[in-house]
file protein.cif (mmCIF, C-alpha atoms)
data_coords
#
loop_
_atom_site.group_PDB
_atom_site.id
_atom_site.type_symbol
_atom_site.label_atom_id
_atom_site.label_comp_id
_atom_site.auth_asym_id
_atom_site.auth_seq_id
_atom_site.Cartn_x
_atom_site.Cartn_y
_atom_site.Cartn_z
ATOM 1 C CA GLU A 193 14.449 113.738 207.330
ATOM 2 C CA ASP A 194 14.494 112.126 203.884
ATOM 3 C CA PHE A 195 12.102 114.749 202.570
ATOM 4 C CA GLU A 196 14.169 117.615 203.980
ATOM 5 C CA LYS A 197 17.333 116.219 202.382
ATOM 6 C CA LEU A 198 15.615 115.871 199.013
ATOM 7 C CA GLN A 199 14.064 119.330 199.312
ATOM 8 C CA LYS A 200 17.437 120.914 200.088
ATOM 9 C CA GLU A 201 19.032 119.161 197.136
ATOM 10 C CA ALA A 202 16.201 120.285 194.854
ATOM 11 C CA ARG A 203 16.871 123.890 195.847
ATOM 12 C CA ASP A 204 20.558 123.413 195.020
ATOM 13 C CA VAL A 205 19.677 121.814 191.684
ATOM 14 C CA ILE A 206 17.467 124.748 190.719
ATOM 15 C CA GLN A 207 20.187 127.227 191.642
ATOM 16 C CA ASN A 208 22.778 125.324 189.610
ATOM 17 C CA ILE A 209 20.454 125.071 186.614
ATOM 18 C CA VAL A 210 19.654 128.785 186.714
ATOM 19 C CA GLU A 211 23.375 129.471 186.454
ATOM 20 C CA LEU A 212 23.745 126.928 183.655
ATOM 21 C CA LEU A 213 20.820 128.338 181.653
ATOM 22 C CA LYS A 214 22.258 131.828 181.787
ATOM 23 C CA ARG A 215 25.781 130.674 181.010
ATOM 24 C CA GLU A 216 24.960 128.450 178.039
ATOM 25 C CA ARG A 217 22.140 130.389 176.388
ATOM 26 C CA ASN A 218 24.321 131.764 173.603
ATOM 27 C CA ASN A 219 25.968 128.389 172.941
ATOM 28 C CA GLN A 220 22.917 126.146 172.611
ATOM 29 C CA VAL A 221 22.550 123.586 169.826
ATOM 30 C CA VAL A 222 18.957 123.168 168.644
ATOM 31 C CA ALA A 223 17.323 119.951 167.379
ATOM 32 C CA MET A 224 13.797 118.662 166.762
ATOM 33 C CA LYS A 225 12.120 115.983 168.848
ATOM 34 C CA LYS A 226 9.800 113.307 167.484
ATOM 35 C CA ASP A 227 6.776 115.410 168.432
ATOM 36 C CA ASN A 228 8.116 118.288 166.291
ATOM 37 C CA THR A 229 8.982 120.487 169.259
ATOM 38 C CA ILE A 230 12.460 121.869 169.668
ATOM 39 C CA VAL A 231 14.998 120.700 172.194
ATOM 40 C CA THR A 232 18.414 122.176 172.878
ATOM 41 C CA SER A 233 21.710 120.920 174.164
ATOM 42 C CA VAL A 234 21.003 123.006 177.261
ATOM 43 C CA ASP A 235 17.807 121.030 177.991
ATOM 44 C CA TYR A 236 19.900 117.874 178.056
ATOM 45 C CA ASN A 237 22.789 119.386 180.029
ATOM 46 C CA ALA A 238 20.419 120.753 182.654
ATOM 47 C CA GLN A 239 18.552 117.466 182.945
ATOM 48 C CA ARG A 240 21.762 115.478 183.288
ATOM 49 C CA LEU A 241 23.027 117.844 185.999
ATOM 50 C CA GLY A 242 19.778 117.644 187.962
ATOM 51 C CA ILE A 243 19.356 113.893 187.766
ATOM 52 C CA LYS A 244 22.910 113.212 188.896
ATOM 53 C CA GLN A 245 22.502 115.509 191.893
ATOM 54 C CA LEU A 246 19.081 114.214 192.913
ATOM 55 C CA THR A 247 19.952 110.530 192.604
ATOM 56 C CA ALA A 248 23.184 111.035 194.551
ATOM 57 C CA ILE A 249 21.250 112.321 197.579
ATOM 58 C CA SER A 250 18.137 110.152 197.136
ATOM 59 C CA PRO A 251 18.847 106.995 195.112
ATOM 60 C CA ASP A 252 15.484 105.479 196.093
ATOM 61 C CA CYS A 253 13.310 108.245 194.628
ATOM 62 C CA TYR A 254 11.628 108.004 191.220
ATOM 63 C CA ILE A 255 12.241 110.886 188.818
ATOM 64 C CA TRP A 256 9.992 111.898 185.961
ATOM 65 C CA ALA A 257 11.939 114.307 183.778
ATOM 66 C CA GLU A 258 10.919 116.157 180.636
ATOM 67 C CA GLU A 259 13.538 114.885 178.200
ATOM 68 C CA ASP A 260 14.495 111.372 177.148
ATOM 69 C CA TRP A 261 17.158 110.082 179.512
ATOM 70 C CA LYS A 262 19.185 108.369 176.814
ATOM 71 C CA ASP A 263 19.125 111.449 174.599
ATOM 72 C CA ALA A 264 20.393 113.418 177.585
ATOM 73 C CA ASN A 265 23.288 110.955 177.975
ATOM 74 C CA ILE A 266 22.223 109.873 181.438
ATOM 75 C CA PRO A 267 24.345 106.876 182.519
ATOM 76 C CA GLN A 268 22.586 103.550 181.967
ATOM 77 C CA SER A 269 23.114 102.658 185.619
ATOM 78 C CA LEU A 270 20.956 105.635 186.661
ATOM 79 C CA ILE A 271 18.315 104.774 184.051
ATOM 80 C CA ASP A 272 18.102 101.215 185.398
ATOM 81 C CA GLN A 273 18.024 102.450 188.986
ATOM 82 C CA ASN A 274 15.168 104.843 188.208
ATOM 83 C CA ARG A 275 13.167 102.158 186.409
ATOM 84 C CA ALA A 276 13.534 99.885 189.434
ATOM 85 C CA ASN A 277 12.060 102.606 191.642
ATOM 86 C CA TYR A 278 8.967 103.112 189.475
ATOM 87 C CA GLY A 279 5.703 102.470 191.296
ATOM 88 C CA LYS A 280 7.248 101.853 194.707
ATOM 89 C CA ALA A 281 9.360 104.905 195.565
ATOM 90 C CA GLU A 282 8.121 106.913 198.517
ATOM 91 C CA PHE A 283 9.137 110.140 196.805
ATOM 92 C CA VAL A 284 8.468 111.030 193.185
ATOM 93 C CA VAL A 285 10.270 114.013 191.697
ATOM 94 C CA VAL A 286 8.751 115.810 188.710
ATOM 95 C CA PHE A 287 11.535 117.683 186.976
ATOM 96 C CA ASP A 288 11.407 120.072 184.029
ATOM 97 C CA PRO A 289 14.943 121.406 183.580
ATOM 98 C CA LEU A 290 13.911 123.965 180.959
ATOM 99 C CA ASP A 291 10.264 124.893 180.649
ATOM 100 C CA GLY A 292 9.736 127.135 177.638
ATOM 101 C CA THR A 293 12.531 125.962 175.349
ATOM 102 C CA ARG A 294 11.209 127.877 172.349
ATOM 103 C CA TYR A 295 11.292 131.092 174.366
ATOM 104 C CA TYR A 296 14.751 130.287 175.676
ATOM 105 C CA ASN A 297 15.795 129.920 172.044
ATOM 106 C CA LYS A 298 14.322 133.334 171.190
ATOM 107 C CA PRO A 299 16.863 136.151 171.770
ATOM 108 C CA GLY A 300 15.769 138.577 174.432
ATOM 109 C CA SER A 301 12.858 136.500 175.719
ATOM 110 C CA LYS A 302 12.490 136.109 179.460
ATOM 111 C CA ASP A 303 9.702 133.536 179.317
ATOM 112 C CA TYR A 304 11.395 130.344 180.423
ATOM 113 C CA ALA A 305 11.820 128.586 183.751
ATOM 114 C CA THR A 306 13.129 125.536 185.561
ATOM 115 C CA ALA A 307 10.980 123.571 187.993
ATOM 116 C CA ILE A 308 10.954 120.660 190.440
ATOM 117 C CA ALA A 309 8.059 119.217 192.411
ATOM 118 C CA ILE A 310 8.178 116.516 195.078
ATOM 119 C CA LEU A 311 5.273 114.143 195.631
ATOM 120 C CA GLN A 312 5.090 111.625 198.486
ATOM 121 C CA ARG A 313 3.348 108.256 198.379
ATOM 122 C CA ASN A 314 0.955 107.812 201.283
ATOM 123 C CA LYS A 315 0.086 104.567 203.067
ATOM 124 C CA ASP A 316 -2.572 103.843 200.420
ATOM 125 C CA GLY A 317 -0.038 104.201 197.622
ATOM 126 C CA ILE A 318 -1.444 107.526 196.408
ATOM 127 C CA LEU A 319 0.988 110.261 195.391
ATOM 128 C CA ILE A 320 0.371 113.488 197.288
ATOM 129 C CA PRO A 321 2.015 116.789 196.245
ATOM 130 C CA ARG A 322 4.312 118.033 199.026
ATOM 131 C CA TRP A 323 6.375 120.892 197.673
ATOM 132 C CA ALA A 324 7.415 122.623 194.469
ATOM 133 C CA ILE A 325 10.061 125.119 193.416
ATOM 134 C CA ILE A 326 10.181 127.068 190.195
ATOM 135 C CA ALA A 327 12.713 129.666 189.072
ATOM 136 C CA ILE A 328 12.388 132.278 186.348
ATOM 137 C CA PRO A 329 16.045 133.128 185.676
ATOM 138 C CA GLU A 330 15.652 136.323 183.685
ATOM 139 C CA GLU A 331 13.308 137.781 186.292
ATOM 140 C CA GLY A 332 15.479 136.730 189.233
ATOM 141 C CA LEU A 333 12.450 135.050 190.788
ATOM 142 C CA VAL A 334 12.239 131.795 192.725
ATOM 143 C CA TYR A 335 8.860 130.536 193.946
ATOM 144 C CA GLU A 336 8.351 127.767 196.470
ATOM 145 C CA ALA A 337 4.976 126.231 197.220
ATOM 146 C CA ASP A 338 4.425 124.139 200.346
ATOM 147 C CA ALA A 339 1.366 121.919 200.166
ATOM 148 C CA GLN A 340 1.193 121.055 203.852
ATOM 149 C CA ALA A 341 1.719 124.586 205.140
ATOM 150 C CA HIS A 342 -0.381 126.061 202.317
ATOM 151 C CA LYS A 343 2.060 128.859 201.712
ATOM 152 C CA ILE A 344 3.941 130.370 198.807
ATOM 153 C CA LEU A 345 7.368 131.959 199.077
ATOM 154 C CA ARG A 346 8.880 134.330 196.550
ATOM 155 C CA ASN A 347 12.633 134.707 196.884
ATOM 156 C CA GLY A 348 12.362 133.395 200.426
ATOM 157 C CA LYS A 349 9.623 135.797 201.546
ATOM 158 C CA LEU A 350 6.103 134.707 202.382
ATOM 159 C CA LEU A 351 3.563 135.926 199.859
ATOM 160 C CA ASP A 352 0.160 137.303 200.680
ATOM 161 C CA ILE A 353 -1.805 134.891 198.518
ATOM 162 C CA SER A 354 -4.742 137.271 198.427
ATOM 163 C CA LEU A 355 -2.832 139.315 195.864
ATOM 164 C CA SER A 356 -4.373 138.645 192.466
ATOM 165 C CA GLY A 357 -1.049 139.510 190.819
ATOM 166 C CA ILE A 358 0.306 136.099 191.803
ATOM 167 C CA VAL A 359 -1.817 134.486 189.125
ATOM 168 C CA ASN A 360 -2.834 137.223 186.719
ATOM 169 C CA THR A 361 -3.351 135.655 183.318
ATOM 170 C CA ARG A 362 -4.409 138.944 181.772
ATOM 171 C CA GLN A 363 -1.132 140.785 182.342
ATOM 172 C CA ARG A 364 1.706 138.267 182.122
ATOM 173 C CA PRO A 365 0.413 135.004 180.619
ATOM 174 C CA LYS A 366 3.681 133.070 180.679
ATOM 175 C CA VAL A 367 4.745 134.163 184.147
ATOM 176 C CA ALA A 368 1.223 133.507 185.383
ATOM 177 C CA ALA A 369 1.441 129.992 183.949
ATOM 178 C CA TYR A 370 4.675 129.393 185.837
ATOM 179 C CA ASN A 371 3.112 130.580 189.082
ATOM 180 C CA ALA A 372 0.030 128.494 188.429
ATOM 181 C CA LEU A 373 2.290 125.484 187.814
ATOM 182 C CA SER A 374 3.860 125.922 191.216
ATOM 183 C CA ALA A 375 0.446 126.331 192.781
ATOM 184 C CA SER A 376 -1.083 123.325 191.094
ATOM 185 C CA LEU A 377 1.754 121.011 191.979
ATOM 186 C CA SER A 378 1.377 121.873 195.638
ATOM 187 C CA ASN A 379 -2.410 122.409 195.826
ATOM 188 C CA ALA A 380 -1.630 125.659 197.623
ATOM 189 C CA LEU A 381 -3.493 128.116 195.400
ATOM 190 C CA SER A 382 -5.996 126.050 193.453
ATOM 191 C CA SER A 383 -9.018 127.029 195.509
ATOM 192 C CA LEU A 384 -7.964 130.674 195.527
ATOM 193 C CA VAL A 385 -7.688 130.835 191.753
ATOM 194 C CA LEU A 386 -11.020 129.132 191.202
ATOM 195 C CA ALA A 387 -12.728 131.285 193.820
ATOM 196 C CA ARG A 388 -11.512 134.483 192.209
ATOM 197 C CA GLY A 389 -12.749 133.439 188.799
ATOM 198 C CA LEU A 390 -9.308 133.677 187.203
ATOM 199 C CA ASP A 391 -8.177 131.444 184.388
ATOM 200 C CA ALA A 392 -7.655 128.021 185.935
ATOM 201 C CA THR A 393 -6.536 126.342 182.692
ATOM 202 C CA PRO A 394 -2.828 126.152 183.677
ATOM 203 C CA ILE A 395 -3.714 124.526 186.999
ATOM 204 C CA LEU A 396 -6.139 122.010 185.508
ATOM 205 C CA GLY A 397 -3.798 121.220 182.623
ATOM 206 C CA VAL A 398 -0.767 120.535 184.773
ATOM 207 C CA THR A 399 -2.819 118.447 187.186
ATOM 208 C CA ARG A 400 -3.952 116.239 184.312
ATOM 209 C CA ILE A 401 -0.396 115.939 183.013
ATOM 210 C CA LEU A 402 0.855 114.885 186.445
ATOM 211 C CA ALA A 403 -1.910 112.323 186.811
ATOM 212 C CA ARG A 404 -0.962 110.719 183.490
ATOM 213 C CA ARG A 405 2.799 110.775 183.917
ATOM 214 C CA VAL A 406 3.578 109.855 187.491
ATOM 215 C CA ALA A 407 0.614 107.814 188.724
#

call {"tool": "encode", "arguments": {"input": "protein.cif", "output": "structure tokens"}}
result
Amino acid sequence: EDFEKLQKEARDVIQNIVELLKRERNNQVVAMKKDNTIVTSVDYNAQRLGIKQLTAISPDCYIWAEEDWKDANIPQSLIDQNRANYGKAEFVVVFDPLDGTRYYNKPGSKDYATAIAILQRNKDGILIPRWAIIAIPEEGLVYEADAQAHKILRNGKLLDISLSGIVNTRQRPKVAAYNALSASLSNALSSLVLARGLDATPILGVTRILARRVA
């Protein structure tokens, strides 16, 4: 029941962020982060929106989010609450409110997304990917990946995962990376990609990132 509640809220968060990203694209304020990558006011607004929604429905989860919480003006009470949940929360949420900020900042580009993944801590304390959702606003696409059912949905319809176009790094590199992200977070397509000899770099890269950031 707790997972279903968190999953439902994650879907709502993604929908709200898609609307926000479209609405605020022409009004973004751009800055540079310490690592010399750009960040926009929209990154922060989207992160603040998502964290407030997710913590309201699941205050005991731990959230790893892309941007600095203080820079995003997240209330200190939520920062403290999240810190207290680190290492013991049953559910860990990996949240990237705006993946592809530099493309979002480029007029006319469609190559940006918003994504959430939910991991669940098992009885041995190991985090297991359960489910992921990723939306590509300019394409009108929403992918969901279910790790337990080993299925991928696109806009609510079950995908035939034998279709190589799901992860086709030769034709649409950025979109393929987004799809591979969803797959890697859920473990739903990893074996398929490797078996077909396609470029597994996005999957391996994201898996390593997750291992470092939320373990």

call {"tool": "closest_residue", "arguments": {"input": "protein.cif", "among": "A:Thr306, A:Gln207, A:Thr232, A:Gln245", "to": "A:Ile328", "atoms": "all atoms listed in the file"}}
result
A:Thr306

call {"tool": "atom_distance", "arguments": {"input": "protein.cif", "atom1": "atom CA of A:Gly279", "atom2": "atom CA of A:Asp338"}}
result
23.5 Å

call {"tool": "residues_around", "arguments": {"input": "protein.cif", "residues": "A:Gln199", "least_positions_apart": "2", "cutoff": "10 Å", "atoms": "all atoms listed in the file", "output": "PyMOL selection string"}}
result
chain A and resi 193-197+201-205+246+308-310+322-325

call {"tool": "write_last_selection", "arguments": {"input": "protein.cif", "atoms": "C-alpha atoms", "output": "mmCIF file, in the coordinates of the input"}}
result
data_model
loop_
_atom_site.group_PDB
_atom_site.id
_atom_site.type_symbol
_atom_site.label_atom_id
_atom_site.label_comp_id
_atom_site.auth_asym_id
_atom_site.auth_seq_id
_atom_site.Cartn_x
_atom_site.Cartn_y
_atom_site.Cartn_z
ATOM 1 C CA GLU A 193 14.449 113.738 207.330
ATOM 2 C CA ASP A 194 14.494 112.126 203.884
ATOM 3 C CA PHE A 195 12.102 114.749 202.570
ATOM 4 C CA GLU A 196 14.169 117.615 203.980
ATOM 5 C CA LYS A 197 17.333 116.219 202.382
ATOM 6 C CA GLU A 201 19.032 119.161 197.136
ATOM 7 C CA ALA A 202 16.201 120.285 194.854
ATOM 8 C CA ARG A 203 16.871 123.890 195.847
ATOM 9 C CA ASP A 204 20.558 123.413 195.020
ATOM 10 C CA VAL A 205 19.677 121.814 191.684
ATOM 11 C CA LEU A 246 19.081 114.214 192.913
ATOM 12 C CA ILE A 308 10.954 120.660 190.440
ATOM 13 C CA ALA A 309 8.059 119.217 192.411
ATOM 14 C CA ILE A 310 8.178 116.516 195.078
ATOM 15 C CA ARG A 322 4.312 118.033 199.026
ATOM 16 C CA TRP A 323 6.375 120.892 197.673
ATOM 17 C CA ALA A 324 7.415 122.623 194.469
ATOM 18 C CA ILE A 325 10.061 125.119 193.416
#

call {"tool": "closest_residue", "arguments": {"input": "protein.cif", "among": "A:Asn274, A:Ser269, A:Ser250, A:Asn297", "to": "A:Thr229", "atoms": "only C-alpha atoms"}}
result
A:Asn297

call {"tool": "closest_residue", "arguments": {"input": "protein.cif", "among": "A:Glu282, A:Leu270, A:Asp291, A:Ala223", "to": "A:Ala238", "atoms": "all atoms listed in the file"}}
result
A:Asp291

call {"tool": "residues_around", "arguments": {"input": "protein.cif", "residues": "A:Ala281", "least_positions_apart": "4", "cutoff": "6 Å", "atoms": "all atoms listed in the file", "output": "ChimeraX atom specification"}}
result
/A:253-254,277

call {"tool": "resolve_selection", "arguments": {"input": "protein.cif", "expression": "the PyMOL selection byres ((chain A and resi 271) around 12)", "output": "ChimeraX atom specification"}}
result
/A:240,243-244,247,251,254-257,260-270,272-278

call {"tool": "closest_residue", "arguments": {"input": "protein.cif", "among": "A:Leu311, A:Val286, A:Ile249, A:Ile326", "to": "A:Gln340", "atoms": "all atoms listed in the file"}}
result
A:Leu311
